[in-house]
Structures are given as C-alpha cells and as structure tokens.
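Engineer: My structure file coords04.txt, compact mmCIF, C-alpha atoms, is below:
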# COMPACT_ATOMS: atom_id res chain seq x y z
CA MET A 26 -1.61 -13.46 24.10
CA ARG A 27 -0.63 -12.14 27.56
CA LEU A 28 -3.16 -9.65 28.85
CA ASP A 29 -0.65 -6.84 29.45
CA LYS A 30 0.70 -7.26 25.91
CA PHE A 31 -2.85 -7.29 24.50
CA ILE A 32 -3.71 -4.04 26.28
CA SER A 33 -0.52 -2.41 25.00
CA LYS A 34 -1.30 -3.46 21.44
CA ALA A 35 -4.94 -2.37 21.67
CA THR A 36 -4.12 1.07 23.13
CA GLU A 37 -1.29 3.59 23.14
CA LEU A 38 -0.21 2.44 26.59
CA SER A 39 3.22 0.99 27.27
CA ARG A 40 3.53 -2.46 28.86
CA LYS A 41 4.35 -0.73 32.16
CA GLU A 42 1.26 1.48 31.92
CA SER A 43 -0.86 -1.54 30.96
CA LYS A 44 0.21 -3.28 34.16
CA LYS A 45 -0.74 -0.21 36.18
CA ILE A 46 -4.35 -0.16 34.94
CA LEU A 47 -4.56 -3.89 35.59
CA HIS A 48 -3.30 -3.48 39.17
CA ALA A 49 -5.85 -0.68 39.60
CA GLY A 50 -8.66 -3.09 38.76
CA GLU A 51 -9.73 -1.18 35.63
CA VAL A 52 -9.81 -4.20 33.28
CA THR A 53 -12.40 -6.97 32.94
CA VAL A 54 -12.16 -10.17 30.93
CA ASN A 55 -15.47 -11.80 30.12
CA ASP A 56 -17.21 -9.63 32.76
CA LYS A 57 -14.70 -10.51 35.50
CA MET A 58 -12.20 -8.01 36.90
CA THR A 59 -8.64 -9.31 36.79
CA LYS A 60 -5.26 -8.03 37.91
CA ASP A 61 -3.36 -10.95 36.39
CA VAL A 62 -0.94 -9.32 33.91
CA GLY A 63 0.18 -12.73 32.65
CA LEU A 64 -3.31 -14.03 31.97
CA HIS A 65 -3.49 -15.49 28.46
CA VAL A 66 -6.47 -14.20 26.50
CA ASP A 67 -8.14 -15.14 23.23
CA ILE A 68 -7.94 -11.93 21.17
CA VAL A 69 -10.86 -13.04 18.98
CA ASN A 70 -13.34 -14.58 21.41
CA ASP A 71 -12.65 -13.01 24.83
CA ASP A 72 -14.57 -9.86 25.80
CA ILE A 73 -11.93 -7.48 27.21
CA LEU A 74 -12.90 -4.04 28.56
CA TRP A 75 -10.93 -1.15 30.01
CA ALA A 76 -13.05 1.21 32.11
CA GLY A 77 -16.11 -0.29 30.43
CA GLU A 78 -14.81 0.26 26.86
CA PRO A 79 -14.10 -2.77 24.64
CA LEU A 80 -10.54 -3.37 23.43
CA SER A 81 -9.47 -5.25 20.32
CA VAL A 82 -6.46 -5.89 18.12
CA ALA A 83 -6.21 -7.23 14.61
CA ALA A 84 -6.16 -11.00 14.44
CA GLY A 85 -3.42 -12.11 12.08
CA ASN A 86 -2.08 -10.09 9.19
CA ARG A 87 -3.81 -7.10 7.64
CA TYR A 88 -4.08 -6.59 3.87
CA ILE A 89 -5.31 -3.15 2.85
CA LEU A 90 -6.06 -1.31 -0.39
CA LEU A 91 -5.74 2.48 -0.19
CA HIS A 92 -6.79 5.00 -2.83
CA LYS A 93 -3.80 7.29 -2.37
CA PRO A 94 -4.48 11.00 -2.90
CA GLU A 95 -1.94 13.64 -3.90
CA GLY A 96 0.24 15.18 -1.21
CA PHE A 97 1.01 12.03 0.80
CA GLU A 98 4.36 10.23 1.01
CA CYS A 99 4.86 6.47 0.86
CA THR A 100 7.40 6.44 3.66
CA LEU A 101 7.61 5.25 7.24
CA LYS A 102 8.74 8.60 8.64
CA VAL A 103 7.29 12.06 8.18
CA LYS A 104 9.41 14.18 5.85
CA GLU A 105 7.97 17.13 3.93
CA HIS A 106 4.46 15.69 3.60
CA PRO A 107 2.09 13.55 5.70
CA ILE A 108 2.46 9.79 5.27
CA VAL A 109 -0.16 7.51 3.72
CA THR A 110 -0.67 5.39 6.85
CA GLU A 111 -2.24 8.45 8.50
CA LEU A 112 -5.23 7.81 6.24
CA ILE A 113 -5.82 4.31 7.68
CA ALA A 114 -7.64 3.83 10.99
CA VAL A 115 -6.34 0.48 12.26
CA PRO A 116 -4.35 -0.51 15.37
CA GLU A 117 -0.56 -0.82 15.24
CA ILE A 118 -0.08 1.43 12.24
CA GLY A 119 3.68 1.24 12.74
CA SER A 120 3.79 -2.43 11.74
CA LEU A 121 2.34 -1.75 8.27
CA ARG A 122 4.55 -1.63 5.19
CA ILE A 123 3.88 -0.46 1.64
CA ALA A 124 4.15 -2.47 -1.58
CA GLY A 125 5.18 -0.51 -4.66
CA ARG A 126 5.47 3.08 -3.52
CA LEU A 127 3.93 6.03 -5.36
CA ASP A 128 5.38 9.54 -5.61
CA VAL A 129 3.86 12.39 -3.59
CA ASP A 130 2.08 13.76 -6.69
CA THR A 131 0.90 10.33 -7.89
CA THR A 132 -2.53 8.94 -7.00
CA GLY A 133 -4.05 5.50 -7.09
CA ALA A 134 -3.97 1.92 -5.86
CA LEU A 135 -1.60 1.26 -2.97
CA LEU A 136 -1.32 -2.11 -1.24
CA ILE A 137 -0.35 -2.07 2.44
CA SER A 138 0.21 -4.96 4.84
CA ASP A 139 2.14 -6.24 7.83
CA ASP A 140 2.84 -9.54 6.03
CA GLY A 141 6.40 -9.17 4.74
CA LYS A 142 6.40 -12.31 2.60
CA TRP A 143 3.16 -11.26 0.90
CA LEU A 144 4.52 -7.77 0.23
CA HIS A 145 7.57 -9.33 -1.40
CA ARG A 146 5.36 -11.42 -3.66
CA VAL A 147 3.43 -8.31 -4.69
CA THR A 148 6.55 -6.39 -5.71
CA SER A 149 8.75 -9.21 -7.03
CA PRO A 150 9.39 -8.77 -10.77
CA LYS A 151 9.49 -12.57 -11.10
CA ARG A 152 5.78 -12.69 -10.25
CA GLU A 153 4.86 -10.44 -13.21
CA HIS A 154 1.82 -8.82 -11.63
CA ALA A 155 0.47 -6.22 -14.06
CA LYS A 156 0.09 -2.64 -12.86
CA VAL A 157 -2.02 -0.24 -14.91
CA TYR A 158 -1.17 3.47 -14.95
CA GLU A 159 -3.21 6.31 -16.41
CA LEU A 160 -1.10 9.30 -17.39
CA THR A 161 -1.37 12.81 -18.76
CA LEU A 162 1.46 14.19 -20.92
CA ALA A 163 2.78 17.72 -21.06
CA GLU A 164 3.12 17.70 -24.85
CA PRO A 165 0.69 16.20 -27.38
CA MET A 166 1.95 13.27 -29.46
CA ASP A 167 0.71 12.88 -33.02
CA SER A 168 -0.31 9.53 -34.50
CA ALA A 169 3.18 8.80 -35.85
CA ALA A 170 4.82 9.51 -32.49
CA GLN A 171 2.18 7.43 -30.72
CA GLU A 172 2.69 4.47 -33.05
CA ASN A 173 6.45 4.62 -32.56
CA ALA A 174 6.13 4.78 -28.76
CA VAL A 175 3.67 1.88 -28.63
CA GLU A 176 6.01 -0.27 -30.73
CA GLU A 177 9.16 0.54 -28.79
CA VAL A 178 7.53 0.02 -25.40
CA ALA A 179 6.21 -3.35 -26.58
CA TYR A 180 9.79 -4.51 -27.21
CA GLY A 181 11.45 -2.74 -24.30
CA ILE A 182 13.54 0.42 -24.12
CA LEU A 183 16.84 1.28 -22.44
CA LEU A 184 16.28 4.04 -19.90
CA ASP A 185 19.02 6.49 -19.02
CA GLY A 186 21.28 5.03 -16.32
CA ASP A 187 20.05 1.45 -16.76
CA TYR A 188 21.96 -1.54 -18.12
CA GLU A 189 18.98 -3.58 -19.30
CA ASP A 190 15.93 -2.76 -21.38
CA THR A 191 12.59 -2.47 -19.68
CA LYS A 192 10.38 -5.53 -19.87
CA PRO A 193 7.86 -5.52 -22.71
CA ALA A 194 4.88 -3.36 -21.74
CA THR A 195 1.58 -2.24 -23.25
CA LEU A 196 1.04 1.43 -24.09
CA GLU A 197 -2.38 2.60 -25.28
CA PHE A 198 -3.16 6.18 -26.25
CA ILE A 199 -6.57 7.60 -25.40
CA ASP A 200 -5.83 10.86 -27.19
CA GLU A 201 -2.77 13.01 -27.92
CA THR A 202 -2.04 13.77 -24.25
CA HIS A 203 -3.60 10.85 -22.36
CA ALA A 204 -2.44 7.24 -22.29
CA ARG A 205 -2.65 4.00 -20.35
CA LEU A 206 0.51 2.01 -19.59
CA THR A 207 0.53 -1.57 -18.30
CA LEU A 208 3.77 -2.75 -16.66
CA GLU A 209 4.94 -5.97 -15.05
CA GLN A 210 7.91 -4.42 -13.28
CA GLY A 211 8.59 -1.43 -11.09
CA LYS A 212 11.81 0.42 -11.81
CA TYR A 213 12.46 3.70 -10.02
CA HIS A 214 10.16 6.40 -11.49
CA GLN A 215 9.66 4.05 -14.42
CA VAL A 216 6.56 5.59 -16.01
CA LYS A 217 7.96 9.12 -15.91
CA ARG A 218 11.33 7.97 -17.22
CA MET A 219 9.72 6.00 -20.03
CA MET A 220 7.84 9.05 -21.24
CA GLY A 221 11.02 11.08 -20.87
CA TYR A 222 12.67 8.61 -23.24
CA PHE A 223 10.26 9.90 -25.90
CA GLY A 224 11.01 13.53 -25.08
CA ASN A 225 7.85 14.10 -23.10
CA ARG A 226 6.90 14.71 -19.48
CA VAL A 227 4.19 13.22 -17.28
CA THR A 228 2.09 15.91 -15.56
CA GLU A 229 -0.46 13.62 -13.91
CA LEU A 230 -0.08 9.97 -12.95
CA HIS A 231 -2.60 7.55 -11.49
CA ARG A 232 -2.22 3.83 -10.74
CA ALA A 233 -5.58 2.31 -11.62
CA SER A 234 -4.92 -1.27 -10.56
CA VAL A 235 -2.43 -3.84 -9.25
CA GLY A 236 -3.01 -7.35 -10.50
CA HIS A 237 -6.77 -7.85 -10.53
CA ILE A 238 -7.32 -5.36 -7.70
CA ASN A 239 -8.79 -2.00 -8.71
CA LEU A 240 -10.20 1.04 -6.95
CA GLU A 241 -13.86 0.53 -7.74
CA GLY A 242 -15.99 2.14 -5.03
CA LEU A 243 -13.08 3.87 -3.28
CA GLU A 244 -12.78 7.66 -3.22
CA LYS A 245 -9.39 9.33 -2.77
CA GLY A 246 -8.18 8.80 0.79
CA ASP A 247 -10.49 5.83 1.40
CA SER A 248 -9.28 2.31 2.12
CA ARG A 249 -10.65 -1.19 2.62
CA PHE A 250 -9.43 -4.63 3.63
CA LEU A 251 -8.75 -7.05 0.78
CA THR A 252 -10.89 -10.14 0.40
CA GLU A 253 -9.35 -13.59 0.86
CA GLU A 254 -9.51 -14.09 -2.91
CA GLU A 255 -7.63 -10.84 -3.54
CA VAL A 256 -4.92 -11.71 -1.01
CA ALA A 257 -4.51 -15.18 -2.54
CA GLN A 258 -3.75 -13.87 -6.02
CA PHE A 259 -0.25 -12.81 -4.93
Could you quickly redo this structure as structure tokens?

Structural biologist:
Amino acid sequence: MRLDKFISKATELSRKESKKILHAGEVTVNDKMTKDVGLHVDIVNDDILWAGEPLSVAAGNRYILLHKPEGFECTLKVKEHPIVTELIAVPEIGSLRIAGRLDVDTTGALLISDDGKWLHRVTSPKREHAKVYELTLAEPMDSAAQENAVEEVAYGILLDGDYEDTKPATLEFIDETHARLTLEQGKYHQVKRMMGYFGNRVTELHRASVGHINLEGLEKGDSRFLTEEEVAQF
C-alpha cells in the first residue's frame, strides 16, 4: 500500500494532510525517516510511526460479533439514536456493514463486516442459517394457545401484507409469557409480526445466536472478532 494512503487509513488525516506530515519529516518506516509519499509499505510487517507513535490498519476483511444493547440503531447514518458501530473501536468504521439488522429496542447477536459477499451469505434465505430469538410477550398464553401457535409456526403462517407463508420455524414456550423462536429467514419485523398473528405483542426481544455463533462471554455493548472457523461457517 502507498505510504500516504496507509497514513490516511490509519488516522483521520486526509491524503493531502498525510503528505504534509510526510514532507515535514514526521514519519519513519522501520526506524528510517522518509518523505516518499509513494513508498509502498507492508501493512503487516513494516514498523510505521508518526511522531514516534505506531500506526496500523486492519489487514484484510474484518468479521465482528457485537452484543447489541438497547437504544442503538443498525444504520449507517445517525437518526434518532446512536449507531451500533460507535460501540466498536476499529479503524475505518465507515467501511463496516451490518448483517441482519435489529430494531432499536432489540438486543443480541449482530454480525458486522466489510466483506460484502460474506454478509450476503449470512443474510441469504437460501443459506438457511438458523437465528434464535428469546422473547417476552405482553399477554400470557395458556397451554392450548401455546400448542396451537407451536403447530402453526411449524407449518408456516401467512403474515399480514405478505403473499407467501413464513418458512417452517420452531417455537418453544418457556412459560406463559416467555418463548424461544428459531427462524431460518429474516422478514421485516418477522418475530413481532408472527406474535401479532396470534393476537399478542412482543415487549422484549433478544437474538441469542446466528448460526453456531452465540454471545457467550460478551456483555451488552461488547464485541469481538470472529474466529476463522466461525467465519467459514457462512
């Protein structure tokens, strides 16, 4: 990578500003001062410092798991609430994209990357990656209502405004107001709409896992890079 481009990526400086600090002799590469803006550097192995401070950029694509808390939007631009990428401390935040967005009031597993093809594989309904949701209902459902809901969801239901039934899914009740729903698709507001189909309302929603990736060891607002094995499952 060209040195001026590397500096721009590793800092908040523009390419023009990067050239200025190079011309001022403020940058060293492997302990040697250089003013060569076009010098090609190895972003992994070269030791590059600005004013004595090391610079680095991510090598290759980033694959991140975030435990999304309430009050954050899955969007690229600030609207009414802060955006989830503000919770992640990595360079070039603007290049990251989100797979399978969650509502502002929904918590849980969120996969984020700058690899567009990988993101498409995560969200593609053809891939049938299971997503597990834990939900709290506004109204209790008795055993008869629970049994009916479990059966209908297993076959698929026609949501208001749709032309096709939902794909077969697994609904498990923990008690009268708490359930676990496993889906292999991601229609707009699907979980909330599915519960609305049964005359109920979701008051709390949490995505516990995507595929085989869960939130074990992550508190709300925390994130981590995926392992190679986790990336390869999509």

Engineer: Tell me, in Å to one decimal, how far atom CA of Glu37 of chain A is from atom CA of Gly246 of chain A.

Structural biologist: 24.0 Å

Engineer: For segment 222-231 of chain A, work out the shell of residues within 9 Å, counting only C-alpha atoms and skipping chain neighbours fewer than 2 positions away, then give it as a PDB file with C-alpha atoms, keeping the file's coordinate frame.

Structural biologist:
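And here's part_19.pdb as it stands now:
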ATOM      1  CA  ASP A 130       2.080  13.760  -6.690  1.00  0.00           C
ATOM      2  CA  THR A 131       0.900  10.330  -7.890  1.00  0.00           C
ATOM      3  CA  THR A 132      -2.530   8.940  -7.000  1.00  0.00           C
ATOM      4  CA  GLY A 133      -4.050   5.500  -7.090  1.00  0.00           C
ATOM      5  CA  ALA A 134      -3.970   1.920  -5.860  1.00  0.00           C
ATOM      6  CA  VAL A 157      -2.020  -0.240 -14.910  1.00  0.00           C
ATOM      7  CA  TYR A 158      -1.170   3.470 -14.950  1.00  0.00           C
ATOM      8  CA  GLU A 159      -3.210   6.310 -16.410  1.00  0.00           C
ATOM      9  CA  LEU A 160      -1.100   9.300 -17.390  1.00  0.00           C
ATOM     10  CA  THR A 161      -1.370  12.810 -18.760  1.00  0.00           C
ATOM     11  CA  LEU A 162       1.460  14.190 -20.920  1.00  0.00           C
ATOM     12  CA  ALA A 163       2.780  17.720 -21.060  1.00  0.00           C
ATOM     13  CA  GLU A 164       3.120  17.700 -24.850  1.00  0.00           C
ATOM     14  CA  PRO A 165       0.690  16.200 -27.380  1.00  0.00           C
ATOM     15  CA  MET A 166       1.950  13.270 -29.460  1.00  0.00           C
ATOM     16  CA  ALA A 170       4.820   9.510 -32.490  1.00  0.00           C
ATOM     17  CA  ALA A 174       6.130   4.780 -28.760  1.00  0.00           C
ATOM     18  CA  ILE A 182      13.540   0.420 -24.120  1.00  0.00           C
ATOM     19  CA  LEU A 183      16.840   1.280 -22.440  1.00  0.00           C
ATOM     20  CA  LEU A 184      16.280   4.040 -19.900  1.00  0.00           C
ATOM     21  CA  ASP A 185      19.020   6.490 -19.020  1.00  0.00           C
ATOM     22  CA  VAL A 216       6.560   5.590 -16.010  1.00  0.00           C
ATOM     23  CA  LYS A 217       7.960   9.120 -15.910  1.00  0.00           C
ATOM     24  CA  ARG A 218      11.330   7.970 -17.220  1.00  0.00           C
ATOM     25  CA  MET A 219       9.720   6.000 -20.030  1.00  0.00           C
ATOM     26  CA  MET A 220       7.840   9.050 -21.240  1.00  0.00           C
ATOM     27  CA  ALA A 233      -5.580   2.310 -11.620  1.00  0.00           C
TER      28      ALA A 233
END

Engineer: Using only C-alpha atoms, which residue out of A:Ala35, A:Val109, A:His203, A:His48 lies closest to Glu78 of chain A?

Structural biologist: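 Of all the options, A:Ala35 lies closest to Glu78 of chain A.
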
Engineer: Which residue is closest to Arg205 of chain A? Choose from A:Leu243, A:Glu255, A:Lys156, A:Leu64 and count all atoms listed in the file.

Structural biologist: A:Lys156

Engineer: One decimal, in Å: what's the spacing between atom CA of Lys57 of chain A and atom CA of Leu74 of chain A?

Structural biologist: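 Atom-to-atom, atom CA of Lys57 of chain A to atom CA of Leu74 of chain A, that is 9.7 Å.
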
Engineer: Just how far from atom CA of Leu127 of chain A is atom CA of Glu201 of chain A, in Å to one decimal?

Structural biologist: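 Atom-to-atom, atom CA of Glu201 of chain A to atom CA of Leu127 of chain A, that is 24.5 Å.
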
Engineer: Pick out the closest residue to Val54 of chain A from this set: A:Leu38, A:Leu208, A:Leu28, A:Ala194. Count all atoms listed in the file.

Structural biologist: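 For Val54 of chain A, the nearest of the candidates is A:Leu28.
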
Engineer: Build an axis-aligned box that encloses every atom of segment 224-237 of chain A listed in the file, pad it by 4 Å on each side, and report its centre and edge lengths in Å to one decimal, as JSON.

Structural biologist:
{"center_x": 2.1, "center_y": 4.0, "center_z": -17.2, "size_x": 25.8, "size_y": 31.8, "size_z": 23.8}

Engineer: Between A:Arg146, A:Lys41, A:Arg87, A:Lys212, single out the one closest to Ser120 of chain A, counting all atoms listed in the file.

Structural biologist: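 Distance minimum relative to Ser120 of chain A lands on A:Arg87.
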
Engineer: Of the candidates A:Gln171, A:Glu189, A:Ser43, A:Gln258, which shows the shortest atom-to-atom distance to Thr202 of chain A, using only C-alpha atoms?

Structural biologist: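 Ranking A:Gln171, A:Glu189, A:Ser43, A:Gln258 by distance to Thr202 of chain A, first place goes to A:Gln171.
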